[in-house]
$ cat my_file-v6.txt   # compact mmCIF, C-alpha atoms
# COMPACT_ATOMS: atom_id res chain seq x y z
CA ALA A 1 74.29 -99.73 -42.29
CA GLN A 2 73.51 -99.25 -45.96
CA SER A 3 72.11 -95.80 -46.43
CA VAL A 4 72.45 -92.39 -48.02
CA THR A 5 73.10 -89.06 -46.34
CA GLN A 6 72.18 -85.65 -47.65
CA PRO A 7 74.20 -83.14 -45.63
CA ASP A 8 72.39 -80.02 -46.78
CA ALA A 9 68.79 -79.83 -45.61
CA ARG A 10 68.13 -76.43 -47.22
CA VAL A 11 69.76 -74.88 -50.25
CA THR A 12 69.04 -71.49 -51.80
CA VAL A 13 70.30 -70.53 -55.23
CA SER A 14 69.56 -67.64 -57.53
CA GLU A 15 67.65 -68.31 -60.70
CA GLY A 16 70.13 -68.95 -63.48
CA ALA A 17 72.89 -70.00 -61.11
CA SER A 18 74.36 -73.47 -60.98
CA LEU A 19 73.30 -76.06 -58.43
CA GLN A 20 74.90 -78.96 -56.65
CA LEU A 21 73.07 -81.12 -54.13
CA ARG A 22 75.24 -83.55 -52.24
CA CYS A 23 74.60 -87.19 -51.50
CA LYS A 24 76.93 -89.61 -49.75
CA TYR A 25 76.21 -93.30 -49.69
CA SER A 26 77.20 -96.20 -47.49
CA TYR A 27 76.85 -99.53 -49.27
CA PHE A 28 78.57 -102.91 -49.44
CA GLY A 29 79.33 -103.49 -53.08
CA THR A 30 78.19 -101.47 -56.06
CA PRO A 31 75.12 -99.39 -55.36
CA TYR A 32 72.15 -98.53 -57.53
CA LEU A 33 71.40 -94.88 -56.81
CA PHE A 34 68.60 -92.48 -57.56
CA TRP A 35 67.52 -88.89 -57.30
CA TYR A 36 63.84 -88.14 -56.85
CA VAL A 37 62.13 -84.75 -56.80
CA GLN A 38 59.02 -83.86 -54.84
CA TYR A 39 57.13 -80.73 -55.85
CA PRO A 40 54.82 -79.14 -53.29
CA ARG A 41 51.87 -81.38 -52.39
CA GLN A 42 52.85 -83.98 -54.96
CA GLY A 43 54.39 -87.43 -55.04
CA LEU A 44 57.95 -88.33 -55.89
CA GLN A 45 59.15 -88.22 -59.45
CA LEU A 46 62.23 -90.07 -60.63
CA LEU A 47 64.81 -87.55 -61.77
CA LEU A 48 67.61 -89.91 -62.71
CA LYS A 49 69.08 -93.29 -61.93
CA TYR A 50 72.53 -94.77 -61.69
CA TYR A 51 73.13 -98.33 -62.76
CA PRO A 52 76.77 -99.52 -62.67
CA GLY A 53 78.49 -98.17 -65.75
CA ASP A 54 79.07 -94.62 -66.92
CA PRO A 55 79.59 -92.53 -63.75
CA VAL A 56 77.79 -89.49 -65.16
CA VAL A 57 74.09 -89.95 -65.72
CA GLN A 58 71.68 -87.57 -67.34
CA GLY A 59 68.19 -86.93 -66.08
CA VAL A 60 65.19 -84.85 -66.98
CA ASN A 61 65.09 -81.06 -67.16
CA GLY A 62 68.86 -80.64 -67.48
CA PHE A 63 69.80 -82.47 -64.29
CA GLU A 64 72.78 -84.79 -64.14
CA ALA A 65 74.55 -86.68 -61.38
CA GLU A 66 78.01 -88.11 -60.99
CA PHE A 67 78.82 -91.33 -59.19
CA SER A 68 82.15 -91.51 -57.39
CA LYS A 69 83.24 -94.76 -55.79
CA SER A 70 86.32 -93.19 -54.21
CA ASN A 71 84.24 -90.50 -52.53
CA SER A 72 81.14 -92.64 -51.95
CA SER A 73 79.11 -89.87 -53.48
CA PHE A 74 76.34 -89.28 -55.99
CA HIS A 75 75.95 -85.54 -56.29
CA LEU A 76 73.22 -83.91 -58.33
CA ARG A 77 74.02 -80.94 -60.58
CA LYS A 78 72.31 -78.48 -62.82
CA ALA A 79 74.03 -75.78 -64.83
CA SER A 80 71.27 -73.18 -64.65
CA VAL A 81 68.44 -73.36 -62.14
CA HIS A 82 64.91 -72.30 -63.07
CA TRP A 83 62.25 -71.12 -60.63
CA SER A 84 60.26 -74.26 -61.45
CA ASP A 85 63.03 -76.34 -59.84
CA TRP A 86 61.81 -75.16 -56.42
CA ALA A 87 61.18 -78.52 -54.71
CA VAL A 88 62.56 -81.09 -52.32
CA TYR A 89 65.18 -83.47 -53.72
CA PHE A 90 65.77 -86.94 -52.33
CA CYS A 91 68.73 -89.22 -52.88
CA ALA A 92 68.04 -92.95 -52.54
CA VAL A 93 69.88 -96.25 -52.69
CA ARG A 94 68.44 -99.65 -53.46
CA ILE A 95 68.90 -102.13 -50.62
CA MET A 96 68.80 -105.77 -51.67
CA GLN A 97 67.44 -108.19 -49.11
CA GLN A 98 68.24 -111.88 -49.28
CA GLY A 99 65.32 -113.64 -50.92
CA THR A 100 62.86 -110.90 -50.11
CA GLY A 101 63.29 -108.40 -52.88
CA SER A 102 64.48 -104.88 -52.42
CA LYS A 103 63.58 -101.50 -51.04
CA LEU A 104 64.74 -97.93 -51.42
CA SER A 105 66.46 -96.18 -48.54
CA PHE A 106 66.09 -92.40 -48.76
CA GLY A 107 68.06 -89.47 -47.46
CA LYS A 108 66.28 -86.79 -45.47
CA GLY A 109 65.92 -84.58 -48.50
CA ALA A 110 67.23 -81.18 -49.56
CA LYS A 111 64.75 -78.35 -49.88
CA LEU A 112 65.73 -76.14 -52.79
CA THR A 113 64.61 -72.53 -52.82
CA VAL A 114 65.13 -70.47 -55.95
CA SER A 115 65.54 -66.74 -55.43
CA PRO A 116 64.83 -64.20 -58.18
CA ASP B 117 46.44 -90.44 -67.35
CA PRO B 118 47.93 -91.22 -63.96
CA LYS B 119 49.72 -94.55 -63.90
CA ILE B 120 49.56 -95.08 -60.14
CA ILE B 121 46.31 -94.13 -58.47
CA GLN B 122 45.98 -93.62 -54.75
CA LYS B 123 42.66 -92.99 -53.07
CA PRO B 124 41.69 -90.94 -51.25
CA LYS B 125 44.04 -88.00 -51.62
CA TYR B 126 43.22 -86.70 -48.14
CA LEU B 127 41.84 -88.64 -45.20
CA VAL B 128 40.86 -87.51 -41.72
CA ALA B 129 40.21 -90.14 -39.07
CA VAL B 130 39.54 -90.26 -35.36
CA THR B 131 41.78 -92.07 -32.91
CA GLY B 132 40.90 -95.73 -32.64
CA SER B 133 39.18 -96.00 -36.01
CA GLU B 134 40.19 -98.07 -39.03
CA LYS B 135 40.92 -96.91 -42.56
CA ILE B 136 41.92 -98.46 -45.87
CA LEU B 137 44.22 -96.69 -48.28
CA ILE B 138 43.81 -97.73 -51.91
CA CYS B 139 46.56 -98.16 -54.49
CA GLU B 140 46.27 -99.28 -58.10
CA GLN B 141 49.04 -99.25 -60.67
CA TYR B 142 48.68 -99.45 -64.43
CA LEU B 143 52.33 -99.74 -65.35
CA GLY B 144 52.28 -103.52 -65.71
CA HIS B 145 54.66 -103.87 -62.77
CA ASN B 146 54.83 -107.00 -60.64
CA ALA B 147 56.28 -105.49 -57.47
CA MET B 148 54.52 -102.96 -55.26
CA TYR B 149 55.51 -101.11 -52.13
CA TRP B 150 54.27 -98.82 -49.37
CA TYR B 151 56.31 -95.97 -47.91
CA ARG B 152 55.46 -93.40 -45.26
CA GLN B 153 56.53 -89.77 -45.00
CA SER B 154 55.95 -87.73 -41.87
CA ALA B 155 57.22 -84.50 -40.39
CA LYS B 156 59.25 -86.48 -37.85
CA LYS B 157 60.79 -89.03 -40.17
CA PRO B 158 61.99 -89.02 -43.74
CA LEU B 159 60.59 -91.43 -46.29
CA GLU B 160 60.57 -94.85 -44.72
CA PHE B 161 59.90 -98.21 -46.29
CA MET B 162 56.95 -100.20 -44.94
CA PHE B 163 56.15 -103.20 -47.15
CA SER B 164 57.06 -104.83 -50.43
CA TYR B 165 54.98 -107.26 -52.45
CA SER B 166 55.96 -109.28 -55.49
CA TYR B 167 53.43 -111.23 -57.54
CA GLN B 168 50.92 -110.57 -54.76
CA LYS B 169 53.12 -112.15 -52.11
CA LEU B 170 54.47 -110.26 -49.13
CA MET B 171 58.24 -110.02 -49.49
CA ASP B 172 59.23 -107.70 -46.68
CA ASN B 173 57.52 -106.05 -43.74
CA GLN B 174 59.39 -103.36 -41.83
CA THR B 175 56.57 -101.88 -39.85
CA ALA B 176 56.81 -102.57 -36.15
CA SER B 177 53.07 -102.81 -35.66
CA SER B 178 50.53 -105.40 -36.80
CA ARG B 179 48.02 -102.55 -37.06
CA PHE B 180 49.33 -102.05 -40.59
CA GLN B 181 48.17 -104.75 -42.97
CA PRO B 182 48.69 -104.69 -46.73
CA GLN B 183 46.05 -106.37 -48.87
CA SER B 184 46.49 -107.44 -52.48
CA SER B 185 43.25 -108.53 -54.14
CA LYS B 186 44.58 -108.18 -57.69
CA LYS B 187 48.08 -108.16 -59.10
CA ASN B 188 47.98 -104.42 -59.74
CA HIS B 189 46.40 -103.52 -56.38
CA LEU B 190 48.04 -103.09 -53.02
CA ASP B 191 45.83 -101.54 -50.37
CA LEU B 192 46.89 -100.66 -46.85
CA GLN B 193 44.58 -101.30 -43.93
CA ILE B 194 45.37 -99.43 -40.73
CA THR B 195 43.51 -100.34 -37.56
CA ALA B 196 43.31 -98.70 -34.14
CA LEU B 197 44.57 -95.43 -35.58
CA LYS B 198 46.78 -93.18 -33.46
CA PRO B 199 47.73 -89.52 -33.93
CA ASP B 200 51.31 -90.69 -34.60
CA ASP B 201 50.03 -92.47 -37.71
CA SER B 202 49.44 -89.06 -39.27
CA ALA B 203 51.61 -89.00 -42.38
CA THR B 204 51.54 -89.16 -46.14
CA TYR B 205 51.49 -92.73 -47.38
CA PHE B 206 53.01 -93.41 -50.78
CA CYS B 207 52.45 -96.44 -52.92
CA ALA B 208 55.17 -97.37 -55.42
CA SER B 209 55.77 -100.04 -58.01
CA SER B 210 58.55 -101.52 -60.11
CA HIS B 211 59.37 -104.35 -62.44
CA ARG B 212 60.85 -107.10 -60.32
CA GLY B 213 64.50 -107.09 -61.21
CA ARG B 214 64.59 -103.36 -61.91
CA ALA B 215 65.89 -101.06 -59.22
CA GLU B 216 63.88 -97.91 -59.92
CA GLN B 217 60.49 -97.48 -58.35
CA PHE B 218 57.66 -95.22 -59.46
CA PHE B 219 55.53 -93.46 -56.90
CA GLY B 220 51.90 -92.53 -56.63
CA PRO B 221 50.68 -89.08 -55.53
CA GLY B 222 50.18 -90.19 -51.93
CA THR B 223 47.36 -90.27 -49.38
CA ARG B 224 47.67 -87.68 -46.64
CA LEU B 225 46.25 -89.15 -43.44
CA THR B 226 45.47 -87.01 -40.40
CA VAL B 227 44.43 -88.75 -37.18
CA LEU B 228 42.67 -86.56 -34.63

$ encode --input "my_file-v6.txt" --output "structure tokens"
Amino acid sequence: AQSVTQPDARVTVSEGASLQLRCKYSYFGTPYLFWYVQYPRQGLQLLLKYYPGDPVVQGVNGFEAEFSKSNSSFHLRKASVHWSDWAVYFCAVRIMQQGTGSKLSFGKGAKLTVSP
Amino acid sequence: DPKIIQKPKYLVAVTGSEKILICEQYLGHNAMYWYRQSAKKPLEFMFSYSYQKLMDNQTASSRFQPQSSKKNHLDLQITALKPDDSATYFCASSHRGRAEQFFGPGTRLTVL
């Protein structure tokens, strides 16, 4: 099945430390991949997107992600985490459906806690 | 100004009743979607519409009916509500042909 998996449900990092959130995908062909962030009691905001091309993509607020075909991965990174990054992060893949458009398939999310 | 409006923000309903969740987008997009997020399940796709036509329906129940009265509206009617329907319902939109979708703030539905 075409999907994404986020293996780490909860991640805690110290403020100022680096961050990596993992995402593995399963997809036939070349995927279009996304990271979304959900702050408490809010909707989802697009953090960054991968369209086939440069494997490293830059997002907002210093986030970046790297696509790896060999590892079937799309990990999210940030060099220095800020307390305002405390949120839930979702990886998603676009699923194309024959003649009926597309949808996003989401991972279960990774809840990031930032410690002082 | 918010580009995708969902109303109401919170909704409490009794079992067996019917509710309509409202979604309007002002991004000029031609595709709209509904997703559901609950404590038991991660974000799951429900419906997609393109140019006001239903493209895909992945809800198992006919109790969920999308309604598109205008090209930038996609409401969700839920009938015979059950406690298991308690969830946050997100509306999203995109340009047809673009992969990224933009999400509204959600409607949090609680069924008692």

$ closest_residue --input "my_file-v6.txt" --among "A:Trp35, A:Tyr27, A:Phe74, A:Phe63" --to "chain B" --atoms "all atoms listed in the file"
A:Trp35

$ residues_around --input "my_file-v6.txt" --residues "Ser3 of chain A" --least-positions-apart "4" --cutoff "10 Å" --atoms "only C-alpha atoms" --output "ChimeraX atom specification"
/A:24-27,91-95,104-107

$ interface_residues --input "my_file-v6.txt" --of "chain B" --to "chain A" --cutoff "6 Å" --atoms "only C-alpha atoms" --output "compact mmCIF listing (two decimals) with C-alpha atoms, in the frame of the given file"
# COMPACT_ATOMS: atom_id res chain seq x y z
CA PRO B 158 61.99 -89.02 -43.74
CA MET B 171 58.24 -110.02 -49.49
CA ASP B 172 59.23 -107.70 -46.68
CA PHE B 219 55.53 -93.46 -56.90
CA GLY B 220 51.90 -92.53 -56.63
CA PRO B 221 50.68 -89.08 -55.53
CA GLY B 222 50.18 -90.19 -51.93

$ atom_distance --input "my_file-v6.txt" --atom1 "atom CA of Lys187 of chain B" --atom2 "atom CA of Ala203 of chain B"
25.7 Å

$ residues_near_point --input "my_file-v6.txt" --point "(52.7, -108.3, -56.2)" --cutoff "10 Å" --atoms "all atoms listed in the file" --output "number ranges by chain"
B: 145-149, 164-171, 184-190, 209-212

$ write_last_selection --input "my_file-v6.txt" --atoms "C-alpha atoms" --output "PDB file, in the coordinates of the input"
ATOM      1  CA  HIS B 145      54.660-103.870 -62.770  1.00  0.00           C
ATOM      2  CA  ASN B 146      54.830-107.000 -60.640  1.00  0.00           C
ATOM      3  CA  ALA B 147      56.280-105.490 -57.470  1.00  0.00           C
ATOM      4  CA  MET B 148      54.520-102.960 -55.260  1.00  0.00           C
ATOM      5  CA  TYR B 149      55.510-101.110 -52.130  1.00  0.00           C
ATOM      6  CA  SER B 164      57.060-104.830 -50.430  1.00  0.00           C
ATOM      7  CA  TYR B 165      54.980-107.260 -52.450  1.00  0.00           C
ATOM      8  CA  SER B 166      55.960-109.280 -55.490  1.00  0.00           C
ATOM      9  CA  TYR B 167      53.430-111.230 -57.540  1.00  0.00           C
ATOM     10  CA  GLN B 168      50.920-110.570 -54.760  1.00  0.00           C
ATOM     11  CA  LYS B 169      53.120-112.150 -52.110  1.00  0.00           C
ATOM     12  CA  LEU B 170      54.470-110.260 -49.130  1.00  0.00           C
ATOM     13  CA  MET B 171      58.240-110.020 -49.490  1.00  0.00           C
ATOM     14  CA  SER B 184      46.490-107.440 -52.480  1.00  0.00           C
ATOM     15  CA  SER B 185      43.250-108.530 -54.140  1.00  0.00           C
ATOM     16  CA  LYS B 186      44.580-108.180 -57.690  1.00  0.00           C
ATOM     17  CA  LYS B 187      48.080-108.160 -59.100  1.00  0.00           C
ATOM     18  CA  ASN B 188      47.980-104.420 -59.740  1.00  0.00           C
ATOM     19  CA  HIS B 189      46.400-103.520 -56.380  1.00  0.00           C
ATOM     20  CA  LEU B 190      48.040-103.090 -53.020  1.00  0.00           C
ATOM     21  CA  SER B 209      55.770-100.040 -58.010  1.00  0.00           C
ATOM     22  CA  SER B 210      58.550-101.520 -60.110  1.00  0.00           C
ATOM     23  CA  HIS B 211      59.370-104.350 -62.440  1.00  0.00           C
ATOM     24  CA  ARG B 212      60.850-107.100 -60.320  1.00  0.00           C
TER      25      ARG B 212
END

$ residues_around --input "my_file-v6.txt" --residues "Ser14 of chain A" --least-positions-apart "6" --cutoff "8 Å" --atoms "all atoms listed in the file" --output "MDAnalysis selection string"
chainID A and resid 81 114:116

$ residues_around --input "my_file-v6.txt" --residues "Leu192 of chain B" --least-positions-apart "4" --cutoff "7 Å" --atoms "only C-alpha atoms" --output "VMD selection string"
chain B and resid 136 to 138 180 to 183

$ atom_distance --input "my_file-v6.txt" --atom1 "atom CA of Trp86 of chain A" --atom2 "atom CA of Leu21 of chain A"
12.9 Å
